[in-house]
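J.: Contents of data-v7.txt (compact mmCIF, N, CA and C atoms and all ligand atoms) are given next:
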```txt
# COMPACT_ATOMS: atom_id res chain seq x y z
N MET L 1 108.48 124.11 104.13
CA MET L 1 108.57 123.00 103.18
C MET L 1 109.77 123.19 102.27
N ASN L 2 109.95 124.41 101.76
CA ASN L 2 111.12 124.66 100.92
C ASN L 2 112.41 124.43 101.69
N MET L 3 112.40 124.81 102.96
CA MET L 3 113.58 124.65 103.79
C MET L 3 113.92 123.17 103.95
N LEU L 4 112.89 122.35 104.22
CA LEU L 4 113.10 120.92 104.37
C LEU L 4 113.66 120.32 103.09
N LEU L 5 113.09 120.73 101.97
CA LEU L 5 113.57 120.23 100.69
C LEU L 5 115.03 120.62 100.50
N GLY L 6 115.35 121.87 100.88
CA GLY L 6 116.71 122.35 100.72
C GLY L 6 117.69 121.53 101.53
N VAL L 7 117.33 121.22 102.75
CA VAL L 7 118.20 120.44 103.63
C VAL L 7 118.41 119.05 103.07
N SER L 8 117.31 118.40 102.64
CA SER L 8 117.44 117.05 102.12
C SER L 8 118.25 117.07 100.83
N CYS L 9 118.15 118.18 100.11
CA CYS L 9 118.89 118.29 98.86
C CYS L 9 120.39 118.30 99.14
N ILE L 10 120.80 119.12 100.11
CA ILE L 10 122.22 119.22 100.43
C ILE L 10 122.73 117.88 100.97
N ALA L 11 121.93 117.28 101.86
CA ALA L 11 122.33 116.00 102.46
C ALA L 11 122.44 114.91 101.39
N GLY L 12 121.60 115.03 100.38
CA GLY L 12 121.57 113.99 99.35
C GLY L 12 122.60 114.18 98.26
N LEU L 13 123.29 115.29 98.28
CA LEU L 13 124.26 115.56 97.22
C LEU L 13 125.51 114.71 97.38
N ALA L 14 125.76 113.91 96.40
CA ALA L 14 126.98 113.11 96.38
C ALA L 14 127.36 112.97 94.92
N GLY L 15 128.57 113.27 94.59
CA GLY L 15 128.98 113.18 93.20
C GLY L 15 128.63 114.45 92.45
N PRO L 16 128.13 114.29 91.22
CA PRO L 16 127.90 115.48 90.39
C PRO L 16 126.96 116.47 91.07
N ALA L 17 127.29 117.73 91.01
CA ALA L 17 126.50 118.76 91.68
C ALA L 17 125.36 119.24 90.78
N TRP L 18 124.37 118.35 90.57
CA TRP L 18 123.19 118.77 89.83
C TRP L 18 122.42 119.77 90.65
N ALA L 19 121.87 120.76 89.99
CA ALA L 19 121.06 121.74 90.71
C ALA L 19 119.69 121.15 90.97
N HIS L 20 119.22 121.30 92.18
CA HIS L 20 117.88 120.86 92.53
C HIS L 20 116.87 121.73 91.78
N ALA L 21 115.89 121.08 91.19
CA ALA L 21 114.89 121.82 90.43
C ALA L 21 113.82 122.38 91.37
N HIS L 22 113.76 123.70 91.47
CA HIS L 22 112.75 124.35 92.28
C HIS L 22 111.69 124.96 91.38
N PHE L 23 110.48 125.02 91.92
CA PHE L 23 109.39 125.67 91.22
C PHE L 23 109.73 127.15 91.04
N GLN L 24 109.60 127.66 89.84
CA GLN L 24 109.83 129.08 89.58
C GLN L 24 108.51 129.82 89.42
N THR L 25 107.74 129.39 88.43
CA THR L 25 106.47 130.05 88.17
C THR L 25 105.60 129.10 87.36
N SER L 26 104.35 129.45 87.24
CA SER L 26 103.44 128.61 86.44
C SER L 26 102.67 129.50 85.48
N GLN L 27 102.04 128.82 84.54
CA GLN L 27 101.19 129.50 83.55
C GLN L 27 99.92 128.68 83.40
N PRO L 28 98.74 129.12 83.80
CA PRO L 28 98.48 130.40 84.46
C PRO L 28 99.17 130.47 85.83
N THR L 29 99.23 131.65 86.40
CA THR L 29 99.82 131.80 87.73
C THR L 29 98.76 131.48 88.78
N GLN L 30 99.23 131.20 90.00
CA GLN L 30 98.32 130.90 91.12
C GLN L 30 97.29 132.02 91.28
N GLY L 31 96.01 131.63 91.26
CA GLY L 31 94.94 132.59 91.51
C GLY L 31 94.57 133.44 90.31
N GLU L 32 95.20 133.21 89.18
CA GLU L 32 94.92 134.04 88.00
C GLU L 32 93.48 133.86 87.52
N LYS L 33 92.90 134.97 87.09
CA LYS L 33 91.54 134.94 86.53
C LYS L 33 91.66 135.16 85.02
N LEU L 34 91.18 134.17 84.28
CA LEU L 34 91.32 134.21 82.83
C LEU L 34 89.98 134.45 82.15
N ALA L 35 90.02 135.20 81.07
CA ALA L 35 88.79 135.48 80.32
C ALA L 35 88.40 134.27 79.48
N ALA L 36 89.38 133.45 79.12
CA ALA L 36 89.11 132.28 78.30
C ALA L 36 89.93 131.10 78.81
N ALA L 37 89.46 129.89 78.52
CA ALA L 37 90.16 128.69 78.98
C ALA L 37 91.56 128.64 78.36
N PRO L 38 92.58 128.30 79.15
CA PRO L 38 93.94 128.24 78.61
C PRO L 38 94.10 127.01 77.70
N LYS L 39 94.89 127.13 76.64
CA LYS L 39 95.14 125.99 75.76
C LYS L 39 96.25 125.12 76.30
N VAL L 40 97.04 125.71 77.20
CA VAL L 40 98.16 124.97 77.77
C VAL L 40 98.39 125.43 79.21
N VAL L 41 98.81 124.51 80.06
CA VAL L 41 99.24 124.89 81.41
C VAL L 41 100.69 124.45 81.54
N SER L 42 101.48 125.24 82.25
CA SER L 42 102.90 124.90 82.34
C SER L 42 103.49 125.31 83.68
N VAL L 43 104.59 124.64 84.01
CA VAL L 43 105.32 124.91 85.24
C VAL L 43 106.78 125.08 84.86
N GLN L 44 107.39 126.15 85.36
CA GLN L 44 108.79 126.41 85.05
C GLN L 44 109.66 126.11 86.27
N PHE L 45 110.77 125.42 86.01
CA PHE L 45 111.68 125.01 87.09
C PHE L 45 113.03 125.71 86.97
N SER L 46 113.70 125.79 88.12
CA SER L 46 115.02 126.44 88.15
C SER L 46 116.13 125.51 87.68
N GLY L 47 115.85 124.20 87.68
CA GLY L 47 116.85 123.23 87.26
C GLY L 47 116.22 122.15 86.42
N GLY L 48 117.04 121.20 85.98
CA GLY L 48 116.55 120.16 85.09
C GLY L 48 115.65 119.14 85.79
N ILE L 49 114.71 118.59 85.04
CA ILE L 49 113.86 117.52 85.56
C ILE L 49 113.86 116.36 84.56
N GLU L 50 113.45 115.20 85.05
CA GLU L 50 113.32 114.02 84.20
C GLU L 50 111.89 114.02 83.64
N ALA L 51 111.77 114.36 82.37
CA ALA L 51 110.44 114.52 81.78
C ALA L 51 109.63 113.24 81.79
N ALA L 52 110.29 112.10 81.62
CA ALA L 52 109.57 110.82 81.49
C ALA L 52 108.79 110.46 82.75
N VAL L 53 109.21 110.96 83.89
CA VAL L 53 108.51 110.63 85.14
C VAL L 53 107.92 111.88 85.79
N SER L 54 107.63 112.88 84.97
CA SER L 54 107.02 114.11 85.46
C SER L 54 105.65 114.26 84.82
N SER L 55 104.73 114.85 85.55
CA SER L 55 103.36 114.92 85.01
C SER L 55 102.62 116.16 85.50
N ILE L 56 101.59 116.49 84.75
CA ILE L 56 100.68 117.57 85.13
C ILE L 56 99.26 117.02 85.04
N THR L 57 98.50 117.14 86.11
CA THR L 57 97.10 116.73 86.08
C THR L 57 96.23 117.91 86.49
N MET L 58 94.96 117.85 86.11
CA MET L 58 94.09 118.99 86.36
C MET L 58 92.68 118.54 86.69
N LEU L 59 92.04 119.27 87.61
CA LEU L 59 90.63 119.06 87.93
C LEU L 59 89.86 120.29 87.50
N ASP L 60 88.69 120.07 86.89
CA ASP L 60 87.90 121.23 86.46
C ASP L 60 87.05 121.75 87.62
N ALA L 61 86.18 122.71 87.33
CA ALA L 61 85.38 123.36 88.36
C ALA L 61 84.45 122.39 89.09
N TYR L 62 84.18 121.24 88.47
CA TYR L 62 83.33 120.22 89.09
C TYR L 62 84.16 119.07 89.67
N GLU L 63 85.47 119.34 89.83
CA GLU L 63 86.40 118.35 90.39
C GLU L 63 86.52 117.12 89.50
N ARG L 64 86.21 117.27 88.24
CA ARG L 64 86.39 116.16 87.31
C ARG L 64 87.81 116.22 86.76
N SER L 65 88.39 115.05 86.56
CA SER L 65 89.72 114.98 86.00
C SER L 65 89.67 115.41 84.53
N VAL L 66 90.53 116.35 84.17
CA VAL L 66 90.56 116.85 82.80
C VAL L 66 91.54 116.01 81.98
N PRO L 67 91.09 115.44 80.85
CA PRO L 67 92.03 114.70 80.00
C PRO L 67 93.12 115.65 79.52
N MET L 68 94.38 115.23 79.66
CA MET L 68 95.50 116.08 79.30
C MET L 68 96.42 115.36 78.30
N SER L 69 97.09 116.14 77.49
CA SER L 69 98.13 115.56 76.64
C SER L 69 99.28 115.11 77.55
N PRO L 70 100.13 114.20 77.07
CA PRO L 70 101.32 113.87 77.86
C PRO L 70 102.14 115.15 78.11
N ALA L 71 102.73 115.25 79.28
CA ALA L 71 103.51 116.44 79.61
C ALA L 71 104.77 116.50 78.74
N LYS L 72 105.05 117.69 78.24
CA LYS L 72 106.26 117.91 77.43
C LYS L 72 107.23 118.78 78.21
N TYR L 73 108.49 118.51 78.07
CA TYR L 73 109.49 119.29 78.79
C TYR L 73 110.40 120.02 77.80
N ALA L 74 110.46 121.32 77.92
CA ALA L 74 111.35 122.13 77.09
C ALA L 74 112.59 122.45 77.92
N LYS L 75 113.70 121.81 77.59
CA LYS L 75 114.92 121.94 78.36
C LYS L 75 115.44 123.39 78.40
N ASP L 76 115.35 124.07 77.26
CA ASP L 76 115.87 125.44 77.16
C ASP L 76 115.25 126.36 78.21
N SER L 77 113.94 126.27 78.35
CA SER L 77 113.26 127.17 79.28
C SER L 77 112.99 126.50 80.63
N GLY L 78 113.26 125.20 80.74
CA GLY L 78 112.99 124.49 81.99
C GLY L 78 111.51 124.39 82.28
N THR L 79 110.72 124.30 81.21
CA THR L 79 109.27 124.33 81.37
C THR L 79 108.61 123.00 81.03
N LEU L 80 107.80 122.52 81.96
CA LEU L 80 106.99 121.33 81.75
C LEU L 80 105.58 121.81 81.42
N SER L 81 105.02 121.31 80.31
CA SER L 81 103.70 121.79 79.92
C SER L 81 102.81 120.66 79.44
N ALA L 82 101.51 120.87 79.54
CA ALA L 82 100.53 119.90 79.04
C ALA L 82 99.30 120.66 78.58
N GLU L 83 98.63 120.07 77.61
CA GLU L 83 97.45 120.72 77.04
C GLU L 83 96.18 119.97 77.42
N PRO L 84 95.18 120.71 77.91
CA PRO L 84 93.88 120.07 78.15
C PRO L 84 93.32 119.58 76.81
N SER L 85 92.79 118.35 76.81
CA SER L 85 92.26 117.79 75.56
C SER L 85 90.81 118.18 75.33
N THR L 86 90.21 118.82 76.33
CA THR L 86 88.83 119.29 76.18
C THR L 86 88.80 120.78 76.55
N VAL L 87 87.74 121.45 76.15
CA VAL L 87 87.59 122.85 76.53
C VAL L 87 87.10 122.91 77.97
N LEU L 88 87.80 123.68 78.79
CA LEU L 88 87.46 123.76 80.21
C LEU L 88 86.16 124.52 80.42
N VAL L 89 85.35 124.01 81.32
CA VAL L 89 84.15 124.76 81.69
C VAL L 89 84.58 125.91 82.59
N PRO L 90 83.82 127.01 82.60
CA PRO L 90 84.18 128.13 83.47
C PRO L 90 84.19 127.72 84.94
N GLY L 91 85.00 128.40 85.73
CA GLY L 91 85.09 128.11 87.16
C GLY L 91 86.52 127.90 87.59
N ASN L 92 86.68 127.36 88.79
CA ASN L 92 88.00 127.22 89.38
C ASN L 92 88.63 125.87 89.03
N CYS L 93 89.78 125.90 88.43
CA CYS L 93 90.50 124.68 88.03
C CYS L 93 91.73 124.51 88.91
N LYS L 94 91.98 123.26 89.30
CA LYS L 94 93.15 122.95 90.11
C LYS L 94 94.16 122.15 89.29
N VAL L 95 95.40 122.59 89.35
CA VAL L 95 96.47 121.90 88.63
C VAL L 95 97.42 121.30 89.66
N ARG L 96 97.79 120.06 89.44
CA ARG L 96 98.77 119.41 90.31
C ARG L 96 99.92 118.93 89.43
N TRP L 97 101.15 119.17 89.87
CA TRP L 97 102.29 118.72 89.08
C TRP L 97 103.25 117.93 89.94
N ASN L 98 103.89 116.96 89.32
CA ASN L 98 104.90 116.11 89.96
C ASN L 98 106.09 116.07 89.03
N ALA L 99 107.27 116.21 89.57
CA ALA L 99 108.45 116.15 88.73
C ALA L 99 109.60 115.51 89.50
N LEU L 100 110.50 114.93 88.77
CA LEU L 100 111.69 114.38 89.39
C LEU L 100 112.88 115.24 88.96
N SER L 101 113.49 115.88 89.95
CA SER L 101 114.66 116.70 89.68
C SER L 101 115.79 115.80 89.17
N THR L 102 116.63 116.32 88.29
CA THR L 102 117.72 115.49 87.76
C THR L 102 118.71 115.08 88.84
N ASP L 103 118.66 115.72 90.02
CA ASP L 103 119.52 115.29 91.12
C ASP L 103 118.86 114.16 91.92
N GLY L 104 117.69 113.69 91.45
CA GLY L 104 117.04 112.56 92.08
C GLY L 104 115.96 112.89 93.09
N HIS L 105 115.74 114.16 93.34
CA HIS L 105 114.72 114.55 94.32
C HIS L 105 113.37 114.82 93.67
N PRO L 106 112.32 114.19 94.20
CA PRO L 106 110.99 114.49 93.68
C PRO L 106 110.51 115.85 94.18
N VAL L 107 109.85 116.58 93.32
CA VAL L 107 109.24 117.85 93.71
C VAL L 107 107.80 117.83 93.19
N SER L 108 106.90 118.48 93.93
CA SER L 108 105.52 118.52 93.49
C SER L 108 104.85 119.76 94.06
N GLY L 109 103.71 120.09 93.50
CA GLY L 109 102.99 121.23 93.99
C GLY L 109 101.67 121.37 93.26
N GLU L 110 100.92 122.38 93.63
CA GLU L 110 99.66 122.61 92.93
C GLU L 110 99.34 124.10 92.92
N PHE L 111 98.49 124.46 91.99
CA PHE L 111 98.02 125.84 91.92
C PHE L 111 96.64 125.81 91.29
N SER L 112 95.93 126.92 91.40
CA SER L 112 94.59 126.96 90.81
C SER L 112 94.40 128.28 90.09
N PHE L 113 93.47 128.27 89.18
CA PHE L 113 93.14 129.49 88.43
C PHE L 113 91.66 129.44 88.11
N THR L 114 91.13 130.57 87.68
CA THR L 114 89.69 130.64 87.41
C THR L 114 89.44 131.08 85.97
N VAL L 115 88.53 130.35 85.33
CA VAL L 115 88.10 130.74 83.99
C VAL L 115 86.76 131.44 84.12
N SER L 116 86.68 132.66 83.62
CA SER L 116 85.43 133.43 83.72
C SER L 116 84.34 132.84 82.86
N PRO L 117 83.09 132.95 83.32
CA PRO L 117 81.97 132.45 82.52
C PRO L 117 81.84 133.25 81.23
CU CU K 201 117.88 118.09 95.21
```
Could you rewrite the structure in this file as structure tokens?
T.:
Amino acid sequence: MNMLLGVSCIAGLAGPAWAHAHFQTSQPTQGEKLAAAPKVVSVQFSGGIEAAVSSITMLDAYERSVPMSPAKYAKDSGTLSAEPSTVLVPGNCKVRWNALSTDGHPVSGEFSFTVSP
């Protein structure tokens, strides 16, 4: 998948050489086990993204959609973050993120983490 994205990125490059935004890391990290519910979830990118059309959504342990604050983008760190508006119940939570790279390419992914009872 990364390879396909890379190819389309090179093929799509015309004009300014914006760096394609790749997923770097997330907070919590994939598979992380937390003692307490996180106050914020975030995704860090290698390049710039368009914050206005980027989002983070989350499902709780019962697959219910978790109300989230609007996603915020910190340009300095390349981090998109959002805060759950409710306290998460213990269990496995799934996070899905969508972002538009400043070079015009959409990127998306998901990860999950577990909150201990
Ligand atoms: Cu690209």
J.: Determine which residues of chain L DSSP labels as helix (DSSP H, G or I) from the backbone of this structure, then write them out as a list in words.
T.: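 Across chain L, those assigned helix (DSSP H, G or I) are Asn2, Met3, Leu4, Leu5, Gly6, Val7, Ser8, Cys9, Ile10, Ala11, Gly12, Ala51, Ala52 and Val53 of chain L.
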J.: If we count only N, CA and C atoms, what is near Ser42 of chain L at a cut-off of 7 Å, once residues fewer than 5 positions away on the same chain are taken out, given as a PyMOL selection string?
T.: chain L and resi 25-28+79-82
J.: Suppose you want the space between atom CA of Pro84 of chain L and atom CA of Ser46 of chain L; what is it in Å?
T.: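 Between atom CA of Pro84 of chain L and atom CA of Ser46 of chain L the gap is 24.2 Å.
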J.: Hey, what's within 8 Å of Gly48 of chain L if we count only N, CA and C atoms and toss same-chain stuff fewer than 3 positions away? As a list in words, please?
T.: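 In the requested format, the answer is Trp18, Ala19, His20, Ala21, His22, Phe45, Ala51, Lys75, Gly78, Ala99, Leu100, Ser101, Thr102 and Asp103 of chain L.
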J.: Atom CA of Gln24 of chain L and atom N of Val95 of chain L, how far apart in Å?
T.: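 If I compute the distance from atom N of Val95 of chain L to atom CA of Gln24 of chain L, I get 15.8 Å.
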J.: Could you find all residues in segment 26-114 of chain L that DSSP calls strand (DSSP E) from the backbone, and write them as number ranges by chain?
T.: L: 26-27, 33-34, 41-45, 55-59, 72-74, 79-82, 91-100, 106-114
J.: Next, write the just-selected residues to a file, as a short mmCIF file (atom, residue, chain, number, x, y, z; two decimals), in the coordinates of the input, keeping N, CA and C atoms as the atom set.
T.:
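The resulting selection11.cif:
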```cif
data_model
loop_
_atom_site.label_atom_id
_atom_site.label_comp_id
_atom_site.auth_asym_id
_atom_site.auth_seq_id
_atom_site.Cartn_x
_atom_site.Cartn_y
_atom_site.Cartn_z
N SER L 26 104.35 129.45 87.24
CA SER L 26 103.44 128.61 86.44
C SER L 26 102.67 129.50 85.48
N GLN L 27 102.04 128.82 84.54
CA GLN L 27 101.19 129.50 83.55
C GLN L 27 99.92 128.68 83.40
N LYS L 33 92.90 134.97 87.09
CA LYS L 33 91.54 134.94 86.53
C LYS L 33 91.66 135.16 85.02
N LEU L 34 91.18 134.17 84.28
CA LEU L 34 91.32 134.21 82.83
C LEU L 34 89.98 134.45 82.15
N VAL L 41 98.81 124.51 80.06
CA VAL L 41 99.24 124.89 81.41
C VAL L 41 100.69 124.45 81.54
N SER L 42 101.48 125.24 82.25
CA SER L 42 102.90 124.90 82.34
C SER L 42 103.49 125.31 83.68
N VAL L 43 104.59 124.64 84.01
CA VAL L 43 105.32 124.91 85.24
C VAL L 43 106.78 125.08 84.86
N GLN L 44 107.39 126.15 85.36
CA GLN L 44 108.79 126.41 85.05
C GLN L 44 109.66 126.11 86.27
N PHE L 45 110.77 125.42 86.01
CA PHE L 45 111.68 125.01 87.09
C PHE L 45 113.03 125.71 86.97
N SER L 55 104.73 114.85 85.55
CA SER L 55 103.36 114.92 85.01
C SER L 55 102.62 116.16 85.50
N ILE L 56 101.59 116.49 84.75
CA ILE L 56 100.68 117.57 85.13
C ILE L 56 99.26 117.02 85.04
N THR L 57 98.50 117.14 86.11
CA THR L 57 97.10 116.73 86.08
C THR L 57 96.23 117.91 86.49
N MET L 58 94.96 117.85 86.11
CA MET L 58 94.09 118.99 86.36
C MET L 58 92.68 118.54 86.69
N LEU L 59 92.04 119.27 87.61
CA LEU L 59 90.63 119.06 87.93
C LEU L 59 89.86 120.29 87.50
N LYS L 72 105.05 117.69 78.24
CA LYS L 72 106.26 117.91 77.43
C LYS L 72 107.23 118.78 78.21
N TYR L 73 108.49 118.51 78.07
CA TYR L 73 109.49 119.29 78.79
C TYR L 73 110.40 120.02 77.80
N ALA L 74 110.46 121.32 77.92
CA ALA L 74 111.35 122.13 77.09
C ALA L 74 112.59 122.45 77.92
N THR L 79 110.72 124.30 81.21
CA THR L 79 109.27 124.33 81.37
C THR L 79 108.61 123.00 81.03
N LEU L 80 107.80 122.52 81.96
CA LEU L 80 106.99 121.33 81.75
C LEU L 80 105.58 121.81 81.42
N SER L 81 105.02 121.31 80.31
CA SER L 81 103.70 121.79 79.92
C SER L 81 102.81 120.66 79.44
N ALA L 82 101.51 120.87 79.54
CA ALA L 82 100.53 119.90 79.04
C ALA L 82 99.30 120.66 78.58
N GLY L 91 85.00 128.40 85.73
CA GLY L 91 85.09 128.11 87.16
C GLY L 91 86.52 127.90 87.59
N ASN L 92 86.68 127.36 88.79
CA ASN L 92 88.00 127.22 89.38
C ASN L 92 88.63 125.87 89.03
N CYS L 93 89.78 125.90 88.43
CA CYS L 93 90.50 124.68 88.03
C CYS L 93 91.73 124.51 88.91
N LYS L 94 91.98 123.26 89.30
CA LYS L 94 93.15 122.95 90.11
C LYS L 94 94.16 122.15 89.29
N VAL L 95 95.40 122.59 89.35
CA VAL L 95 96.47 121.90 88.63
C VAL L 95 97.42 121.30 89.66
N ARG L 96 97.79 120.06 89.44
CA ARG L 96 98.77 119.41 90.31
C ARG L 96 99.92 118.93 89.43
N TRP L 97 101.15 119.17 89.87
CA TRP L 97 102.29 118.72 89.08
C TRP L 97 103.25 117.93 89.94
N ASN L 98 103.89 116.96 89.32
CA ASN L 98 104.90 116.11 89.96
C ASN L 98 106.09 116.07 89.03
N ALA L 99 107.27 116.21 89.57
CA ALA L 99 108.45 116.15 88.73
C ALA L 99 109.60 115.51 89.50
N LEU L 100 110.50 114.93 88.77
CA LEU L 100 111.69 114.38 89.39
C LEU L 100 112.88 115.24 88.96
N PRO L 106 112.32 114.19 94.20
CA PRO L 106 110.99 114.49 93.68
C PRO L 106 110.51 115.85 94.18
N VAL L 107 109.85 116.58 93.32
CA VAL L 107 109.24 117.85 93.71
C VAL L 107 107.80 117.83 93.19
N SER L 108 106.90 118.48 93.93
CA SER L 108 105.52 118.52 93.49
C SER L 108 104.85 119.76 94.06
N GLY L 109 103.71 120.09 93.50
CA GLY L 109 102.99 121.23 93.99
C GLY L 109 101.67 121.37 93.26
N GLU L 110 100.92 122.38 93.63
CA GLU L 110 99.66 122.61 92.93
C GLU L 110 99.34 124.10 92.92
N PHE L 111 98.49 124.46 91.99
CA PHE L 111 98.02 125.84 91.92
C PHE L 111 96.64 125.81 91.29
N SER L 112 95.93 126.92 91.40
CA SER L 112 94.59 126.96 90.81
C SER L 112 94.40 128.28 90.09
N PHE L 113 93.47 128.27 89.18
CA PHE L 113 93.14 129.49 88.43
C PHE L 113 91.66 129.44 88.11
N THR L 114 91.13 130.57 87.68
CA THR L 114 89.69 130.64 87.41
C THR L 114 89.44 131.08 85.97
#
```
